[in-house]
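Participant: File name work_34.tsv; file contents TSV, C-alpha atoms; full text below.
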chain	number	residue	atom	x	y	z
A	1	MET	CA	109.42	99.74	80.43
A	2	SER	CA	112.76	98.01	80.92
A	3	ASP	CA	112.72	94.26	80.36
A	4	THR	CA	115.05	93.62	83.29
A	5	ILE	CA	114.97	94.43	87.00
A	6	ILE	CA	117.69	94.64	89.64
A	7	LEU	CA	117.53	92.32	92.67
A	8	GLU	CA	119.68	93.43	95.62
A	9	VAL	CA	120.15	90.19	97.48
A	10	ALA	CA	121.52	89.81	101.02
A	11	ARG	CA	124.68	87.70	101.10
A	12	PHE	CA	126.22	86.21	104.21
A	13	ASN	CA	128.48	83.24	104.64
A	14	PRO	CA	129.62	82.66	108.24
A	15	GLU	CA	132.35	80.30	107.04
A	16	ASP	CA	134.06	83.18	105.23
A	17	GLY	CA	133.99	85.19	108.42
A	18	GLY	CA	132.71	88.04	106.27
A	19	GLU	CA	130.18	90.73	107.08
A	20	PRO	CA	126.65	90.56	105.68
A	21	SER	CA	126.35	92.55	102.47
A	22	TYR	CA	124.08	93.09	99.46
A	23	GLN	CA	124.88	91.91	95.95
A	24	SER	CA	123.02	93.20	92.88
A	25	TYR	CA	121.86	90.97	90.05
A	26	GLU	CA	120.00	91.92	86.87
A	27	VAL	CA	117.23	89.46	86.03
A	28	PRO	CA	114.57	89.39	83.27
A	29	LEU	CA	111.37	91.23	84.20
A	30	ARG	CA	108.65	88.93	82.84
A	31	PRO	CA	104.96	89.48	83.56
A	32	ASP	CA	104.46	85.94	84.85
A	33	TRP	CA	107.63	85.72	86.95
A	34	MET	CA	107.48	85.67	90.71
A	35	VAL	CA	110.30	86.99	92.92
A	36	LEU	CA	111.28	83.35	93.45
A	37	ASP	CA	111.66	82.89	89.68
A	38	GLY	CA	114.08	85.81	89.72
A	39	LEU	CA	116.10	84.13	92.48
A	40	ASN	CA	116.11	80.82	90.63
A	41	HIS	CA	117.35	82.64	87.53
A	42	ILE	CA	120.27	83.98	89.57
A	43	LYS	CA	121.00	80.53	91.00
A	44	ASP	CA	120.82	78.77	87.60
A	45	GLN	CA	122.34	81.39	85.29
A	46	LEU	CA	124.34	83.99	87.23
A	47	ASP	CA	125.65	82.80	90.60
A	48	GLY	CA	125.30	79.22	91.82
A	49	SER	CA	126.63	80.13	95.26
A	50	LEU	CA	123.42	81.93	96.33
A	51	ALA	CA	121.57	79.98	99.04
A	52	PHE	CA	117.79	80.16	99.59
A	53	ARG	CA	114.97	77.76	100.45
A	54	TRP	CA	112.07	76.89	98.19
A	55	SER	CA	110.06	73.85	97.25
A	56	CYS	CA	106.47	73.86	95.98
A	57	ARG	CA	106.30	77.20	94.08
A	58	MET	CA	102.58	77.42	94.91
A	59	GLY	CA	102.16	78.86	98.40
A	60	ILE	CA	101.71	75.56	100.20
A	61	CYS	CA	105.08	74.47	101.58
A	62	GLY	CA	105.91	77.74	103.31
A	63	SER	CA	109.68	77.56	102.71
A	64	CYS	CA	110.34	80.60	100.50
A	65	GLY	CA	109.47	83.37	102.98
A	66	MET	CA	111.88	86.34	102.81
A	67	MET	CA	111.96	90.05	103.50
A	68	VAL	CA	111.11	91.72	100.17
A	69	ASN	CA	111.61	95.48	100.40
A	70	GLY	CA	111.32	95.12	104.15
A	71	MET	CA	108.07	93.16	104.19
A	72	PRO	CA	107.83	89.46	105.14
A	73	THR	CA	106.69	87.88	101.87
A	74	LEU	CA	106.21	84.46	100.26
A	75	THR	CA	108.40	84.95	97.20
A	76	CYS	CA	106.59	82.28	95.15
A	77	GLU	CA	103.34	84.25	95.39
A	78	THR	CA	104.66	87.73	94.68
A	79	LEU	CA	105.14	89.04	91.13
A	80	LEU	CA	108.38	90.79	90.18
A	81	MET	CA	106.12	93.23	88.27
A	82	ASN	CA	104.68	94.48	91.59
A	83	TYR	CA	108.05	96.10	92.29
A	84	ALA	CA	108.86	97.46	88.80
A	85	PRO	CA	110.98	99.35	87.94
A	86	GLY	CA	112.93	98.18	91.01
A	87	PRO	CA	115.39	97.65	92.46
A	88	ILE	CA	114.03	94.97	94.81
A	89	ARG	CA	115.84	94.39	98.08
A	90	ILE	CA	115.67	90.76	99.28
A	91	ALA	CA	116.85	89.76	102.75
A	92	PRO	CA	116.43	86.77	105.09
A	93	LEU	CA	113.41	86.82	107.43
A	94	ASP	CA	113.82	89.21	110.35
A	95	HIS	CA	114.18	87.90	113.92
A	96	PHE	CA	115.80	84.59	112.91
A	97	PRO	CA	119.49	83.63	112.98
A	98	VAL	CA	120.88	83.46	109.44
A	99	VAL	CA	122.53	80.22	108.31
A	100	LYS	CA	123.67	81.49	104.91
A	101	ASP	CA	122.45	84.21	102.53
A	102	LEU	CA	118.62	83.96	102.62
A	103	VAL	CA	118.42	80.74	104.67
A	104	VAL	CA	117.34	81.17	108.29
A	105	ASP	CA	117.62	78.75	111.21
A	106	LEU	CA	114.15	77.46	112.14
A	107	ASP	CA	115.19	75.13	115.00
A	108	ASP	CA	113.98	77.52	117.70
A	109	PHE	CA	110.58	77.92	116.01
A	110	LEU	CA	110.18	74.16	115.56
A	111	ALA	CA	111.01	73.56	119.24
A	112	LYS	CA	108.37	76.13	120.28
A	113	LEU	CA	105.85	74.58	117.91
A	114	GLN	CA	106.38	71.14	119.42
A	115	LYS	CA	106.02	72.50	122.97
A	116	VAL	CA	102.42	73.63	122.42
A	117	ARG	CA	101.39	70.10	121.35
A	118	PRO	CA	99.80	70.98	117.99
A	119	TRP	CA	98.02	67.65	117.51
A	120	VAL	CA	94.80	66.04	118.81
A	121	VAL	CA	95.42	65.06	122.46
A	122	ARG	CA	93.06	62.52	124.11
A	123	LYS	CA	92.93	62.07	127.87
A	124	ASP	CA	90.57	59.09	127.80
A	125	ASP	CA	91.22	55.75	126.13
A	126	PHE	CA	88.24	56.07	123.82
A	127	LYS	CA	88.96	54.09	120.68
A	128	PRO	CA	86.63	55.10	117.90
A	129	ALA	CA	85.43	52.29	115.68
A	130	ARG	CA	85.63	54.65	112.69
A	131	GLU	CA	86.56	58.29	112.05
A	132	PHE	CA	85.62	60.93	114.62
A	133	MET	CA	82.48	62.66	113.38
A	134	GLN	CA	82.39	66.47	113.29
A	135	SER	CA	79.58	68.81	112.34
A	136	PRO	CA	80.22	71.65	109.85
A	137	ALA	CA	79.91	74.08	112.78
A	138	GLN	CA	82.56	72.18	114.79
A	139	LEU	CA	84.87	72.30	111.76
A	140	GLU	CA	84.17	76.00	111.22
A	141	ALA	CA	85.26	76.73	114.82
A	142	PHE	CA	88.93	75.98	114.08
A	143	HIS	CA	89.15	75.84	110.27
A	144	GLN	CA	90.90	79.18	109.59
A	145	PHE	CA	93.60	78.45	112.19
A	146	SER	CA	94.32	75.09	110.54
A	147	LEU	CA	95.42	76.80	107.30
A	148	CYS	CA	98.83	77.79	108.72
A	149	ILE	CA	101.73	76.52	106.60
A	150	ASN	CA	104.50	77.33	109.14
A	151	CYS	CA	106.10	79.85	106.79
A	152	THR	CA	107.05	82.00	109.86
A	153	LEU	CA	106.32	85.30	108.09
A	154	CYS	CA	104.35	86.23	111.23
A	155	TYR	CA	107.49	85.88	113.38
A	156	ALA	CA	109.41	88.20	111.04
A	157	ALA	CA	106.54	90.72	111.18
A	158	CYS	CA	106.04	90.60	114.96
A	159	PRO	CA	107.99	93.29	116.86
A	160	VAL	CA	107.60	91.35	120.11
A	161	SER	CA	109.37	88.34	118.51
A	162	GLY	CA	112.23	90.73	117.80
A	163	LEU	CA	112.29	92.06	121.36
A	164	ASP	CA	111.86	88.77	123.21
A	165	PRO	CA	113.42	85.67	121.63
A	166	ASN	CA	111.56	83.52	124.17
A	167	PHE	CA	108.13	84.64	122.93
A	168	ILE	CA	106.35	81.48	121.71
A	169	GLY	CA	105.05	83.57	118.82
A	170	PRO	CA	102.00	83.94	116.57
A	171	ALA	CA	101.98	80.72	114.50
A	172	ALA	CA	102.65	78.33	117.39
A	173	ILE	CA	99.94	79.97	119.54
A	174	ALA	CA	97.45	80.03	116.65
A	175	LEU	CA	98.06	76.30	116.10
A	176	ALA	CA	97.70	75.56	119.83
A	177	HIS	CA	94.40	77.47	119.67
A	178	ARG	CA	93.38	75.48	116.58
A	179	TYR	CA	93.58	72.23	118.59
A	180	ASN	CA	91.93	73.75	121.68
A	181	LEU	CA	88.94	74.59	119.48
A	182	ASP	CA	88.80	71.09	117.97
A	183	SER	CA	85.85	69.07	119.30
A	184	ARG	CA	87.99	65.89	119.26
A	185	ASP	CA	90.72	67.37	121.45
A	186	GLN	CA	91.17	67.16	125.25
A	187	GLY	CA	94.61	68.76	125.60
A	188	ILE	CA	93.71	72.34	126.54
A	189	GLU	CA	95.09	72.06	130.10
A	190	ASP	CA	98.50	70.88	128.82
A	191	ARG	CA	98.62	73.76	126.34
A	192	LEU	CA	97.54	76.35	128.92
A	193	ASP	CA	100.47	75.28	131.11
A	194	ILE	CA	102.83	76.33	128.30
A	195	VAL	CA	100.98	79.08	126.47
A	196	SER	CA	99.64	80.93	129.54
A	197	GLN	CA	103.16	81.61	130.78
A	198	HIS	CA	104.52	85.10	130.32
A	199	GLU	CA	106.46	84.11	127.18
A	200	GLY	CA	103.22	82.81	125.68
A	201	ILE	CA	100.09	84.84	125.08
A	202	TRP	CA	100.91	87.49	127.70
A	203	ASP	CA	103.94	88.71	125.78
A	204	CYS	CA	101.67	89.74	122.87
A	205	THR	CA	100.71	93.42	122.81
A	206	VAL	CA	98.27	93.07	119.89
A	207	VAL	CA	100.33	94.88	117.27
A	208	GLY	CA	98.48	92.71	114.73
A	209	GLU	CA	101.17	92.61	112.01
A	210	CYS	CA	101.13	88.79	112.14
A	211	SER	CA	97.59	88.78	110.77
A	212	VAL	CA	98.48	91.39	108.12
A	213	VAL	CA	101.35	89.42	106.55
A	214	CYS	CA	99.85	85.91	106.77
A	215	PRO	CA	99.67	84.57	103.19
A	216	LYS	CA	96.96	82.07	104.17
A	217	HIS	CA	94.74	84.70	105.86
A	218	VAL	CA	95.02	83.09	109.27
A	219	ASP	CA	94.41	85.59	112.09
A	220	PRO	CA	96.98	84.70	114.78
A	221	SER	CA	96.27	87.96	116.59
A	222	LEU	CA	92.64	86.91	117.07
A	223	ALA	CA	93.76	83.46	118.22
A	224	ILE	CA	95.98	85.02	120.89
A	225	GLN	CA	93.22	87.34	122.15
A	226	GLN	CA	90.73	84.45	122.32
A	227	PHE	CA	93.38	82.38	124.12
A	228	LYS	CA	93.87	85.24	126.62
A	229	LEU	CA	90.15	85.18	127.39
A	230	THR	CA	90.21	81.40	127.96
A	231	ALA	CA	93.32	81.67	130.14
A	232	THR	CA	91.76	84.50	132.17
A	233	LYS	CA	88.59	82.49	132.81
A	234	GLU	CA	90.74	79.52	133.87
A	235	TRP	CA	92.83	81.76	136.15
A	236	PHE	CA	89.78	83.10	137.96
A	237	LYS	CA	88.30	79.60	138.19
A	238	SER	CA	91.45	78.23	139.79
A	239	PHE	CA	91.64	81.28	142.07
A	240	LEU	CA	88.04	80.91	143.27
A	241	LEU	CA	88.11	77.10	143.37
A	242	PRO	CA	91.76	76.37	144.16
A	243	ARG	CA	91.14	72.73	145.00
A	244	GLY	CA	88.68	72.08	142.22
A	245	LYS	CA	89.74	70.24	139.12
A	246	HIS	CA	89.49	72.99	136.56
B	1	MET	CA	109.53	77.04	129.60
B	2	SER	CA	108.44	74.02	131.62
B	3	ALA	CA	104.83	73.28	132.51
B	4	GLY	CA	103.13	74.72	135.59
B	5	LYS	CA	104.23	78.37	135.88
B	6	ARG	CA	101.12	80.06	134.57
B	7	SER	CA	101.35	83.84	134.57
B	8	ASN	CA	99.30	86.05	136.90
B	9	GLU	CA	98.90	88.50	134.04
B	10	PRO	CA	95.16	87.59	133.70
B	11	VAL	CA	94.44	89.93	136.65
B	12	VAL	CA	95.80	93.06	134.98
B	13	TRP	CA	94.63	91.94	131.56
B	14	PHE	CA	91.07	91.59	132.91
B	15	LEU	CA	91.23	95.13	134.37
B	16	PHE	CA	92.75	96.38	131.09
B	17	GLY	CA	90.04	94.70	129.02
B	18	ALA	CA	87.18	95.93	131.19
B	19	GLY	CA	88.66	99.45	131.14
B	20	GLY	CA	89.03	99.32	127.38
B	21	PHE	CA	85.37	98.40	127.00
B	22	LEU	CA	84.24	101.26	129.28
B	23	ALA	CA	86.66	103.74	127.68
B	24	ALA	CA	85.38	102.86	124.23
B	25	TYR	CA	81.65	102.83	124.95
B	26	PHE	CA	81.04	105.23	127.85
B	27	LEU	CA	83.79	107.87	127.89
B	28	PRO	CA	82.85	109.20	124.42
B	29	VAL	CA	79.35	109.93	125.74
B	30	HIS	CA	80.79	112.15	128.49
B	31	VAL	CA	83.14	113.85	126.01
B	32	LEU	CA	80.23	114.47	123.63
B	33	PHE	CA	78.03	116.07	126.29
B	34	TYR	CA	80.58	117.94	128.41
B	35	GLY	CA	83.02	118.73	125.60
B	36	LEU	CA	80.63	119.61	122.77
B	37	LEU	CA	76.88	119.67	123.38
B	38	PHE	CA	76.83	121.57	126.71
B	39	PRO	CA	79.48	124.23	125.88
B	40	THR	CA	77.93	124.96	122.47
B	41	GLY	CA	74.46	125.23	123.97
B	42	LEU	CA	73.01	122.59	121.64
B	43	VAL	CA	71.75	120.81	124.75
B	44	HIS	CA	70.73	122.63	127.92
B	45	ALA	CA	73.60	122.26	130.43
B	46	PRO	CA	72.63	121.17	133.95
B	47	GLY	CA	73.59	123.59	136.72
B	48	TYR	CA	76.03	122.92	139.55
B	49	GLN	CA	73.36	121.89	142.06
B	50	GLU	CA	71.68	119.58	139.55
B	51	THR	CA	75.00	117.89	138.71
B	52	LEU	CA	75.89	117.58	142.40
B	53	ALA	CA	72.55	115.93	143.15
B	54	LEU	CA	73.12	113.50	140.29
B	55	VAL	CA	76.64	112.58	141.43
B	56	ARG	CA	75.38	112.00	144.99
B	57	HIS	CA	72.93	109.38	143.84
B	58	PRO	CA	74.25	105.92	144.89
B	59	LEU	CA	73.90	104.46	141.39
B	60	ALA	CA	75.84	107.40	139.89
B	61	ARG	CA	78.60	106.86	142.47
B	62	ILE	CA	78.85	103.17	141.60
B	63	TYR	CA	78.87	104.03	137.88
B	64	LEU	CA	81.59	106.67	138.27
B	65	PHE	CA	83.67	104.38	140.49
B	66	ALA	CA	83.56	101.58	137.90
B	67	LEU	CA	84.17	103.90	134.95
B	68	LEU	CA	87.14	105.72	136.47
B	69	THR	CA	88.82	102.79	138.23
B	70	PHE	CA	88.77	100.46	135.22
B	71	CYS	CA	89.91	103.29	132.94
B	72	PHE	CA	92.85	104.00	135.28
B	73	PHE	CA	93.94	100.35	135.04
B	74	HIS	CA	93.41	100.35	131.29
B	75	ALA	CA	95.68	103.37	130.98
B	76	ALA	CA	98.25	101.87	133.38
B	77	HIS	CA	98.51	98.61	131.43
B	78	ARG	CA	98.79	100.39	128.10
B	79	MET	CA	101.41	102.75	129.52
B	80	ARG	CA	103.44	99.86	130.95
B	81	LEU	CA	103.51	97.95	127.65
B	82	THR	CA	104.23	101.07	125.61
B	83	LEU	CA	107.14	102.04	127.83
B	84	SER	CA	108.59	98.53	127.92
B	85	ASP	CA	108.34	97.88	124.17
B	86	VAL	CA	108.51	101.26	122.43
B	87	LEU	CA	111.27	102.60	124.68
B	88	ASN	CA	112.77	99.11	125.02
B	89	LEU	CA	112.65	99.10	128.83
B	90	ARG	CA	111.79	95.41	129.24
B	91	HIS	CA	114.56	94.98	131.81
B	92	LEU	CA	112.71	97.47	134.04
B	93	ASN	CA	109.47	95.49	133.89
B	94	THR	CA	109.00	95.24	137.67
B	95	VAL	CA	109.63	98.95	138.20
B	96	LEU	CA	107.29	99.88	135.34
B	97	ALA	CA	104.56	97.60	136.70
B	98	PHE	CA	104.96	99.12	140.18
B	99	VAL	CA	104.81	102.71	138.89
B	100	CYS	CA	101.95	102.19	136.40
B	101	TYR	CA	99.65	99.97	138.46
B	102	GLY	CA	100.64	101.92	141.58
B	103	GLY	CA	99.46	105.07	139.79
B	104	ALA	CA	96.17	103.36	138.98
B	105	LEU	CA	95.77	102.36	142.64
B	106	VAL	CA	96.39	105.95	143.75
B	107	GLY	CA	93.80	107.11	141.20
B	108	THR	CA	91.37	104.52	142.54
B	109	ALA	CA	91.91	105.63	146.14
B	110	PHE	CA	91.41	109.27	145.14
B	111	THR	CA	88.21	108.35	143.27
B	112	VAL	CA	86.82	106.54	146.32
B	113	TRP	CA	87.65	109.50	148.57
B	114	LEU	CA	86.10	111.95	146.13
B	115	LEU	CA	82.92	109.93	145.64
B	116	LEU	CA	82.45	109.41	149.38
B	117	THR	CA	83.02	113.03	150.37
B	118	VAL	CA	81.37	114.93	147.54
Show me, as structure tokens, the structure contained in the file I just sent.

Facilitator:
Amino acid sequence: MSDTIILEVARFNPEDGGEPSYQSYEVPLRPDWMVLDGLNHIKDQLDGSLAFRWSCRMGICGSCGMMVNGMPTLTCETLLMNYAPGPIRIAPLDHFPVVKDLVVDLDDFLAKLQKVRPWVVRKDDFKPAREFMQSPAQLEAFHQFSLCINCTLCYAACPVSGLDPNFIGPAAIALAHRYNLDSRDQGIEDRLDIVSQHEGIWDCTVVGECSVVCPKHVDPSLAIQQFKLTATKEWFKSFLLPRGKH
Amino acid sequence: MSAGKRSNEPVVWFLFGAGGFLAAYFLPVHVLFYGLLFPTGLVHAPGYQETLALVRHPLARIYLFALLTFCFFHAAHRMRLTLSDVLNLRHLNTVLAFVCYGGALVGTAFTVWLLLTV
């Protein structure tokens, strides 16, 4: 087997006014190298002008998500060997505006995330004397949805995100659901006001690719379906008891 | 995306969900009996008069009404979303909703007429 592999990397610099293109680089094919190691080799040894995001190298920070051979992938967790003999085509995440090369603009995602209030909301002025206590069952209710690292691979995988830029999207809805399911939280009404709009859960057509690509095995598709059930119950409650506080 | 404009989609989603449940659990039973077991003679097929008597029973009418109506709305919702996303007709959303759910309403009306006159 060859001891090198070709990476075809998407290049785009809006300041040059140039068109997006692919540039090929030959990098060492080592058994313990991830795709990210290949990119860092390019940056350090071959072409310092290549721009991409990375930080922790261990699947926690969620910054190195890219399209690898068309699939949304965390490059720090994916071996170069998986794609031997290559070439490997690396592009910025689908459905996001590109800032430069492999760097995408996350402002829109971060704004959506903030809108769904992904933190513990209290409506009373209860001040606990110590930590809130939770049973293992109460923790289990939301635990898997709390594992999201905001890598946005699910947005790149979701065809609805591509069709409707206003769609709140898988990760933000899964995190809203995570706090709805938290026994300490009282913010479900606020979140329903945002997430039960058309651009929220109702835009989802259950393609399910978000859950397939998630590197942390979160199931955003399940979160959205459970959220739909909650929203439907609330809709019928407010329809049958329009004056009641629901 | 300000607060307070919750979608009315729960109505059609509820009909879609209920129809999906019935289509998954009950329709296959009908297909198995009328499509396979009766024609092949593995199970004795009821005659016309027997079937007619069964359909005229009030509980059978209620069952058939629920089964067919919810399945119509299930199909309508699926058709609307498929057309709007696969054929990229999102801009025609209102027209698609009118045609698809309108079709389901026509199917429902026809079902009611059939069940009341049979």

Participant: When you get a sec, could you note down which chain B residues fall within 10 Å of chain A, using all atoms listed in the file, as JSON, numbers by chain?

Facilitator: {"B": [1, 2, 3, 4, 5, 6, 7, 8, 9, 10, 11, 12, 13, 14, 17, 78, 81, 82, 84, 85, 86, 88, 90]}

Participant: To one decimal in Å, tell me the separation between atom CA of A:Asp16 and atom CA of A:Ile90.

Facilitator: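 Pair atom CA of A:Asp16 / atom CA of A:Ile90 returns 20.8 Å.
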
Participant: Calculate, to one decimal in Å, the centre and edge lengths of the box along x, y and z of the file that holds all listed atoms of stretch 73-85 of chain A with 4 Å of margin on each side, and present them as AutoDock Vina command-line options.

Facilitator:
--center_x 107.2 --center_y 90.8 --center_z 94.9 --size_x 15.6 --size_y 25.1 --size_z 21.9

Participant: At a cut-off of 12 Å, using all atoms listed in the file, what residues contact stretch 56-58 of chain B? Leave out same-chain residues fewer than 5 positions from it and give the result as a PyMOL selection string.

Facilitator: chain B and resi 49-51+63-65+114-118

Participant: One number please: atom CA of A:Lys100 to atom CA of A:Ala10, in Å, one decimal.

Facilitator: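 A separation of 9.4 Å between them.
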
Participant: What is the distance, in Å and to one decimal place, between atom CA of B:Pro46 and atom CA of B:Gly20?

Facilitator: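 Taking atom CA of B:Pro46 and atom CA of B:Gly20, their separation equals 28.1 Å.
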
Participant: Taking into account only C-alpha atoms, which residue in the set B:Tyr34, B:Phe16, B:Phe73, B:Tyr48 is nearest to B:Leu105?

Facilitator: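 With only C-alpha atoms as the atom set, the closest residue is B:Phe73.
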
Participant: In terms of the shortest atom-to-atom distance over only C-alpha atoms, which of A:Ala129, A:Pro97, A:Arg117, A:Tyr22 is closest to A:Glu189?

Facilitator: A:Arg117

Participant: Considering all atoms listed in the file, return as a list in words whatever protein or nucleic-acid residues lie within 8 Å of stretch 132-149 of chain A, sequence-local ones (same chain, fewer than 2 positions apart) excluded.

Facilitator: Ile60, Cys61, Gly62, Pro128, Arg130, Cys151, Ala171, Ala174, Leu175, His177, Arg178, Tyr179, Leu181, Asp182, Ser183, Arg184, Lys216, His217, Val218, Asp219, Pro220 and Ala223 of chain A

Participant: Which is closer to B:Ala18 than all the others in B:Phe33, B:Tyr101, B:Phe38, B:Phe70, using all atoms listed in the file?

Facilitator: B:Phe70
